[in-house]
Amino acid sequence: MLESVFLLFILFQNIISRFLPSIFSYWDELACIIFLIIYFAKSNGRIRKSESYYFLAILSVIVLGLIGNLVFRYQLSISAIGRDILGTVKFFVVFISLYRHRLMDKLTKRLVDLIPLIKGFCLIVFCLGVVSIFKDIGMNQEEVRGFLYPYMFIYSHPTYLTTGLICILCILNAADRLSKVDDIIILSTIVLAMRTKGFAFIAVYVFLKYGSHWVKKLQIIYWPIIGIIVFFVARSKLLLYTSFSNSPRESLYRGAFELVKKCFPIGSGFATFASHISGKYLSKVYNFIYIAGMRGGGDAEFIDLGDAGLAYYIGQFGVIGIILFAYLFYKTFRMSILNLDQKSWWPVLYMWILVLISIPTESILVNNGFEIAFILIIVHKLCYICKTSDQKKYVGNDATF
C-alpha cells in the first residue's frame, strides 16, 4: 500500500502538493539526501569505477559553483547556496543512487499493477479537457494561445500537465500497455495544454513510433530529422523571446553570455542567476544584468527567472561547467539504455526528448529533477522487463544491492 501511495505521489506530485502545507515543497531535496545516504550505506565502500567517476563529476560541479561564489561573491546567503546545490545536482544524485537499488525493482512491479488506475486518470483528464473547450469549468488559463485557453486540469500550470502526461506516456510505452486509443487520448490532452514543448514532443514521438516504418530502408535519416525538429522548435522559441526587448527569457540568455565573459571560465556560482532562488535572495548579478519585469519586490516577480534552463547552467557554471554537465548527461543516457537493444529503448529515448525540448525554456531538472530521474529509471526497468518477457524472474540489472 505504501509503495502504491509513493508511486502515485511521484506521478501526480504537482497536483497533490497544491493541497499540502508549504513545508512539503522540500520533499524532493530531503528524499534526494536520504537516498544518497542509503546508497553509500548499502555500498559498503565498494563503488563501481564508472559510478565513482559519475560522483566525481557531481562533486566537481559543486566545487566549481562554490569557487564561483567565493571568487565573485554575487551570492552571500548560505541558505540560498545550499538549496541551489541540491536543486542543481538532485537529478543526477537521485539517478545514480536509485539506478541499481532493489527498491526500484519492487516499485517497478508495483507500478504495473497501477496502470489501469493511471489510464483511468488520463481518460478523466481528457474528457474534462474536451468539456473545457466549450465551457469554462475553471481548469484553463486565462490567456489565449492560438485559438484555445490552455488546459491545465488541476495542475498548477499547463506545462506540468504536459510533463506529467508525457511521463505517463513513456511509462505505458515501456510497459507495452499502450493502445492506439490511449495514445490518442494522451496526445490530444497534451495538445489542449497548448505548450510548445508538447507540440514538439508529439512531432518527434509520432515520427519515431508511427513514421519509422515508412522510411525503414533509410534509417540513417532518423536522427537528422529528430535533430532538425528539436532544433527548429527551440530556435523558434528563442527567436520569439529575443524579438521582444522586454522578454524575461531574452534578458536571461543575454545575461548568461555576459556572465560567461565576465566570469570566465568558472561561472558566477550557485544561486546567482536564472533561478527563482537567485531573485528571492537578491543575487548581486542583477545589479548589472537587467532582467525584464524584475523590480526587487515580492516572490511573484521572480517566477520568470526559472524559465531558461540553459541560461541557468551557462551563467552559473561557465565553460567548465558546461563540459561537466555534458559528461553527466552522456553518462546518464548511456546508463539509461544499458542492457537494452535498440528496439526496446525507445521509451527511454522519449524521456530524453522531453528533457532536451524542455531545458531551453524551463528549469525542468531543477524543478522536477527527482521525478524525472525516478521515472527515467522506472521506464528503463520496464523496458528491460519487456525485453526479457519474464517479469517473475526479473530482479533488475546486474549488481543490484
# chains A, B, ... in the order shown; residues from 1 in each chain; ligands from 1
>>> residues_around(residues="segment 262-275 of chain A", least_positions_apart="4", cutoff="7 Å", atoms="only C-alpha atoms", output="PyMOL selection string")
chain A and resi 64-69+72+74-75+80-81+84-85+252+258+279+283+285+305-306+308+311-312+315-321
>>> residues_around(residues="Pro158 of chain A", least_positions_apart="3", cutoff="9 Å", atoms="only C-alpha atoms", output="PyMOL selection string")
chain A and resi 140-141+150-153+155+161-163+190+192-195
>>> residues_around(residues="Asp28 of chain A", least_positions_apart="4", cutoff="9 Å", atoms="only C-alpha atoms", output="PDB file with N, CA, C and O atoms, in the first residue's frame")
ATOM      1  N   PHE A  24       6.113  20.989   2.744  1.00  0.00           N
ATOM      2  CA  PHE A  24       6.284  19.780   1.942  1.00  0.00           C
ATOM      3  C   PHE A  24       6.912  20.080   0.579  1.00  0.00           C
ATOM      4  O   PHE A  24       7.219  19.160  -0.170  1.00  0.00           O
ATOM      5  N   CYS A  32      16.193  13.188  -1.815  1.00  0.00           N
ATOM      6  CA  CYS A  32      17.476  13.088  -2.516  1.00  0.00           C
ATOM      7  C   CYS A  32      18.600  12.780  -1.528  1.00  0.00           C
ATOM      8  O   CYS A  32      19.425  11.876  -1.764  1.00  0.00           O
ATOM      9  N   ILE A  33      18.636  13.507  -0.419  1.00  0.00           N
ATOM     10  CA  ILE A  33      19.671  13.296   0.598  1.00  0.00           C
ATOM     11  C   ILE A  33      19.547  11.906   1.222  1.00  0.00           C
ATOM     12  O   ILE A  33      20.544  11.202   1.419  1.00  0.00           O
ATOM     13  N   LYS A  90      20.321  17.292  -7.912  1.00  0.00           N
ATOM     14  CA  LYS A  90      19.411  16.235  -7.451  1.00  0.00           C
ATOM     15  C   LYS A  90      19.030  15.253  -8.554  1.00  0.00           C
ATOM     16  O   LYS A  90      18.870  14.047  -8.279  1.00  0.00           O
ATOM     17  N   ASN A 368      11.956  19.697 -11.296  1.00  0.00           N
ATOM     18  CA  ASN A 368      11.392  18.336 -11.281  1.00  0.00           C
ATOM     19  C   ASN A 368      12.462  17.268 -11.448  1.00  0.00           C
ATOM     20  O   ASN A 368      12.193  16.187 -11.988  1.00  0.00           O
ATOM     21  N   GLY A 369      13.664  17.554 -10.978  1.00  0.00           N
ATOM     22  CA  GLY A 369      14.774  16.620 -11.164  1.00  0.00           C
ATOM     23  C   GLY A 369      14.540  15.266 -10.523  1.00  0.00           C
ATOM     24  O   GLY A 369      14.875  14.228 -11.098  1.00  0.00           O
ATOM     25  N   PHE A 370      13.960  15.252  -9.320  1.00  0.00           N
ATOM     26  CA  PHE A 370      13.716  13.986  -8.634  1.00  0.00           C
ATOM     27  C   PHE A 370      12.752  13.123  -9.439  1.00  0.00           C
ATOM     28  O   PHE A 370      13.021  11.947  -9.706  1.00  0.00           O
ATOM     29  N   GLU A 371      11.619  13.708  -9.826  1.00  0.00           N
ATOM     30  CA  GLU A 371      10.605  12.945 -10.547  1.00  0.00           C
ATOM     31  C   GLU A 371      11.120  12.433 -11.899  1.00  0.00           C
ATOM     32  O   GLU A 371      10.868  11.285 -12.265  1.00  0.00           O
TER      33      GLU A 371
END
>>> closest_residue(among="A:Gly146, A:Pro347, A:Pro116, A:Pro21", to="Leu382 of chain A", atoms="only C-alpha atoms")
A:Pro347
>>> select_by_dssp(residues="segment 26-257 of chain A", states="alpha helix (DSSP H)", output="ChimeraX atom specification")
/A:27-43,49-72,78-98,102-134,158-174,180-193,196-206,222-242,248-257
>>> closest_residue(among="A:Val94, A:Ile353, A:Ala175, A:Leu20", to="Leu36 of chain A", atoms="only C-alpha atoms")
A:Val94
>>> closest_residue(among="A:Ile58, A:Leu114, A:Leu178, A:Leu324", to="Phe95 of chain A", atoms="only C-alpha atoms")
A:Ile58
>>> atom_distance(atom1="atom CA of Ala256 of chain A", atom2="atom CA of Tyr26 of chain A")
27.1 Å
>>> atom_distance(atom1="atom CA of Arg102 of chain A", atom2="atom CA of Asp341 of chain A")
22.3 Å
>>> residues_around(residues="Thr332 of chain A", least_positions_apart="4", cutoff="10 Å", atoms="only C-alpha atoms", output="number ranges by chain")
A: 54, 91-92, 95-96, 99, 326-328, 336-338, 373, 376
>>> write_last_selection(atoms="all heavy atoms", output="short mmCIF file (atom, residue, chain, number, x, y, z; two decimals), in the first residue's frame")
data_model
loop_
_atom_site.label_atom_id
_atom_site.label_comp_id
_atom_site.auth_asym_id
_atom_site.auth_seq_id
_atom_site.Cartn_x
_atom_site.Cartn_y
_atom_site.Cartn_z
N TYR A 54 31.25 9.19 -12.01
CA TYR A 54 29.99 9.94 -12.04
C TYR A 54 29.88 10.84 -10.81
O TYR A 54 29.58 12.03 -10.91
CB TYR A 54 28.83 8.94 -12.07
CG TYR A 54 27.49 9.50 -12.43
CD1 TYR A 54 27.02 9.46 -13.74
CD2 TYR A 54 26.64 10.04 -11.46
CE1 TYR A 54 25.76 9.94 -14.07
CE2 TYR A 54 25.39 10.52 -11.77
CZ TYR A 54 24.95 10.47 -13.08
OH TYR A 54 23.71 10.96 -13.40
N PHE A 91 18.90 15.70 -9.79
CA PHE A 91 18.58 14.77 -10.88
C PHE A 91 19.64 13.69 -10.98
O PHE A 91 19.34 12.49 -11.04
CB PHE A 91 18.47 15.53 -12.21
CG PHE A 91 18.42 14.63 -13.41
CD1 PHE A 91 17.26 13.96 -13.75
CD2 PHE A 91 19.54 14.45 -14.21
CE1 PHE A 91 17.20 13.11 -14.86
CE2 PHE A 91 19.50 13.62 -15.33
CZ PHE A 91 18.33 12.95 -15.65
N PHE A 92 20.90 14.10 -10.98
CA PHE A 92 22.00 13.15 -11.13
C PHE A 92 22.18 12.30 -9.88
O PHE A 92 22.43 11.09 -9.97
CB PHE A 92 23.30 13.91 -11.44
CG PHE A 92 23.19 14.80 -12.64
CD1 PHE A 92 23.09 16.17 -12.49
CD2 PHE A 92 23.16 14.26 -13.92
CE1 PHE A 92 22.99 17.01 -13.60
CE2 PHE A 92 23.05 15.08 -15.03
CZ PHE A 92 22.97 16.45 -14.87
N PHE A 95 19.34 9.73 -9.69
CA PHE A 95 19.50 8.69 -10.71
C PHE A 95 20.57 7.67 -10.29
O PHE A 95 20.31 6.46 -10.31
CB PHE A 95 19.89 9.31 -12.05
CG PHE A 95 19.98 8.31 -13.17
CD1 PHE A 95 18.85 7.95 -13.89
CD2 PHE A 95 21.19 7.69 -13.47
CE1 PHE A 95 18.93 7.00 -14.90
CE2 PHE A 95 21.27 6.75 -14.48
CZ PHE A 95 20.14 6.40 -15.20
N ILE A 96 21.75 8.15 -9.92
CA ILE A 96 22.83 7.22 -9.59
C ILE A 96 22.55 6.47 -8.29
O ILE A 96 22.95 5.31 -8.12
CB ILE A 96 24.19 7.95 -9.53
CG1 ILE A 96 25.36 6.96 -9.54
CG2 ILE A 96 24.26 8.86 -8.33
CD1 ILE A 96 25.49 6.20 -10.83
N TYR A 99 19.62 3.81 -9.27
CA TYR A 99 19.73 3.07 -10.53
C TYR A 99 19.83 1.57 -10.31
O TYR A 99 19.20 0.78 -11.02
CB TYR A 99 20.95 3.58 -11.30
CG TYR A 99 21.18 2.90 -12.62
CD1 TYR A 99 20.29 3.06 -13.68
CD2 TYR A 99 22.30 2.10 -12.82
CE1 TYR A 99 20.50 2.43 -14.89
CE2 TYR A 99 22.53 1.49 -14.03
CZ TYR A 99 21.63 1.65 -15.08
OH TYR A 99 21.86 1.03 -16.28
N ALA A 326 27.78 18.15 -19.65
CA ALA A 326 27.73 17.33 -20.87
C ALA A 326 28.16 15.90 -20.55
O ALA A 326 27.54 14.93 -21.02
CB ALA A 326 28.61 17.94 -21.95
N TYR A 327 29.21 15.76 -19.74
CA TYR A 327 29.68 14.43 -19.34
C TYR A 327 28.61 13.71 -18.52
O TYR A 327 28.32 12.53 -18.75
CB TYR A 327 30.97 14.57 -18.52
CG TYR A 327 31.42 13.27 -17.89
CD1 TYR A 327 32.10 12.31 -18.64
CD2 TYR A 327 31.15 12.99 -16.55
CE1 TYR A 327 32.50 11.11 -18.05
CE2 TYR A 327 31.55 11.81 -15.96
CZ TYR A 327 32.23 10.86 -16.72
OH TYR A 327 32.62 9.67 -16.15
N LEU A 328 28.02 14.41 -17.56
CA LEU A 328 27.00 13.79 -16.72
C LEU A 328 25.78 13.35 -17.53
O LEU A 328 25.23 12.27 -17.31
CB LEU A 328 26.58 14.76 -15.61
CG LEU A 328 27.56 14.92 -14.45
CD1 LEU A 328 27.17 16.10 -13.57
CD2 LEU A 328 27.61 13.64 -13.61
N SER A 336 21.00 4.74 -18.88
CA SER A 336 19.56 4.58 -19.04
C SER A 336 19.19 3.61 -20.16
O SER A 336 18.05 3.14 -20.22
CB SER A 336 18.88 5.93 -19.28
OG SER A 336 19.23 6.47 -20.55
N ILE A 337 20.13 3.32 -21.06
CA ILE A 337 19.85 2.35 -22.13
C ILE A 337 20.70 1.10 -21.99
O ILE A 337 20.71 0.24 -22.89
CB ILE A 337 20.07 2.97 -23.53
CG1 ILE A 337 21.50 3.44 -23.71
CG2 ILE A 337 19.08 4.11 -23.77
CD1 ILE A 337 21.83 3.89 -25.13
N LEU A 338 21.41 0.97 -20.87
CA LEU A 338 22.27 -0.19 -20.65
C LEU A 338 21.45 -1.49 -20.65
O LEU A 338 20.37 -1.56 -20.06
CB LEU A 338 22.99 -0.05 -19.30
CG LEU A 338 23.98 -1.15 -18.94
CD1 LEU A 338 25.18 -1.12 -19.89
CD2 LEU A 338 24.45 -0.98 -17.50
N ALA A 373 14.26 11.83 -12.85
CA ALA A 373 15.24 10.77 -12.64
C ALA A 373 14.54 9.48 -12.22
O ALA A 373 14.86 8.38 -12.72
CB ALA A 373 16.25 11.19 -11.58
N LEU A 376 12.61 8.02 -15.14
CA LEU A 376 13.57 7.52 -16.14
C LEU A 376 14.05 6.12 -15.77
O LEU A 376 14.16 5.23 -16.63
CB LEU A 376 14.75 8.48 -16.24
CG LEU A 376 15.84 8.14 -17.27
CD1 LEU A 376 15.26 8.09 -18.68
CD2 LEU A 376 16.97 9.17 -17.20
#
>>> atom_distance(atom1="atom CA of Phe35 of chain A", atom2="atom CA of Val93 of chain A")
8.5 Å
>>> closest_residue(among="A:Ile137, A:Met104, A:Leu365, A:Val71", to="Val379 of chain A", atoms="only C-alpha atoms")
A:Met104
>>> closest_residue(among="A:Phe201, A:Phe333, A:Tyr253, A:Tyr281", to="Tyr313 of chain A", atoms="only C-alpha atoms")
A:Tyr253
>>> closest_residue(among="A:Cys386, A:Ile78, A:Ile277, A:Leu282", to="Ser344 of chain A", atoms="only C-alpha atoms")
A:Cys386
>>> residues_around(residues="Ile185 of chain A", least_positions_apart="3", cutoff="10 Å", atoms="only C-alpha atoms", output="list in words")
Lys119, Cys122, Leu123, Ile124, Val125, Phe126, Cys127, Ser179, Lys180, Val181, Asp182, Ser188, Thr189 and Ile190 of chain A
>>> write_last_selection(atoms="N, CA, C and O atoms", output="JSON list (two decimals), in the first residue's frame")
[["chain", "number", "residue", "atom", "x", "y", "z"],
["A", 119, "LYS", "N", -4.49, 4.83, -16.41],
["A", 119, "LYS", "CA", -5.24, 5.00, -17.66],
["A", 119, "LYS", "C", -6.59, 5.68, -17.39],
["A", 119, "LYS", "O", -7.05, 6.52, -18.17],
["A", 122, "CYS", "N", -6.06, 9.34, -16.98],
["A", 122, "CYS", "CA", -5.84, 10.00, -18.27],
["A", 122, "CYS", "C", -7.16, 10.21, -19.02],
["A", 122, "CYS", "O", -7.36, 11.26, -19.65],
["A", 123, "LEU", "N", -8.05, 9.24, -18.94],
["A", 123, "LEU", "CA", -9.36, 9.36, -19.61],
["A", 123, "LEU", "C", -10.18, 10.48, -18.99],
["A", 123, "LEU", "O", -10.81, 11.28, -19.71],
["A", 124, "ILE", "N", -10.17, 10.57, -17.66],
["A", 124, "ILE", "CA", -10.91, 11.63, -16.97],
["A", 124, "ILE", "C", -10.36, 13.01, -17.35],
["A", 124, "ILE", "O", -11.12, 13.95, -17.64],
["A", 125, "VAL", "N", -9.04, 13.12, -17.36],
["A", 125, "VAL", "CA", -8.40, 14.40, -17.71],
["A", 125, "VAL", "C", -8.77, 14.80, -19.13],
["A", 125, "VAL", "O", -9.06, 15.96, -19.41],
["A", 126, "PHE", "N", -8.76, 13.83, -20.03],
["A", 126, "PHE", "CA", -9.11, 14.11, -21.43],
["A", 126, "PHE", "C", -10.56, 14.56, -21.56],
["A", 126, "PHE", "O", -10.85, 15.56, -22.24],
["A", 127, "CYS", "N", -11.47, 13.86, -20.92],
["A", 127, "CYS", "CA", -12.90, 14.19, -21.02],
["A", 127, "CYS", "C", -13.17, 15.60, -20.48],
["A", 127, "CYS", "O", -13.91, 16.39, -21.10],
["A", 179, "SER", "N", -2.44, 1.27, -25.92],
["A", 179, "SER", "CA", -3.17, 1.04, -27.17],
["A", 179, "SER", "C", -3.18, 2.32, -27.99],
["A", 179, "SER", "O", -2.82, 3.40, -27.50],
["A", 180, "LYS", "N", -3.62, 2.23, -29.23],
["A", 180, "LYS", "CA", -3.72, 3.43, -30.07],
["A", 180, "LYS", "C", -4.74, 4.41, -29.52],
["A", 180, "LYS", "O", -4.57, 5.63, -29.63],
["A", 181, "VAL", "N", -5.79, 3.88, -28.89],
["A", 181, "VAL", "CA", -6.79, 4.75, -28.27],
["A", 181, "VAL", "C", -6.16, 5.53, -27.11],
["A", 181, "VAL", "O", -6.39, 6.74, -26.96],
["A", 182, "ASP", "N", -5.35, 4.83, -26.29],
["A", 182, "ASP", "CA", -4.65, 5.51, -25.20],
["A", 182, "ASP", "C", -3.74, 6.59, -25.75],
["A", 182, "ASP", "O", -3.64, 7.70, -25.20],
["A", 188, "SER", "N", -3.89, 13.96, -27.39],
["A", 188, "SER", "CA", -4.90, 15.01, -27.57],
["A", 188, "SER", "C", -4.95, 15.94, -26.36],
["A", 188, "SER", "O", -5.11, 17.16, -26.51],
["A", 189, "THR", "N", -4.80, 15.36, -25.18],
["A", 189, "THR", "CA", -4.79, 16.19, -23.97],
["A", 189, "THR", "C", -3.57, 17.09, -23.93],
["A", 189, "THR", "O", -3.65, 18.24, -23.51],
["A", 190, "ILE", "N", -2.43, 16.55, -24.39],
["A", 190, "ILE", "CA", -1.22, 17.36, -24.47],
["A", 190, "ILE", "C", -1.44, 18.55, -25.42],
["A", 190, "ILE", "O", -0.99, 19.68, -25.14]]
>>> residues_around(residues="segment 13-16 of chain A", least_positions_apart="6", cutoff="8 Å", atoms="only C-alpha atoms", output="list of chain:residue names")
A:Ile154, A:Tyr155, A:Ser156, A:Tyr160
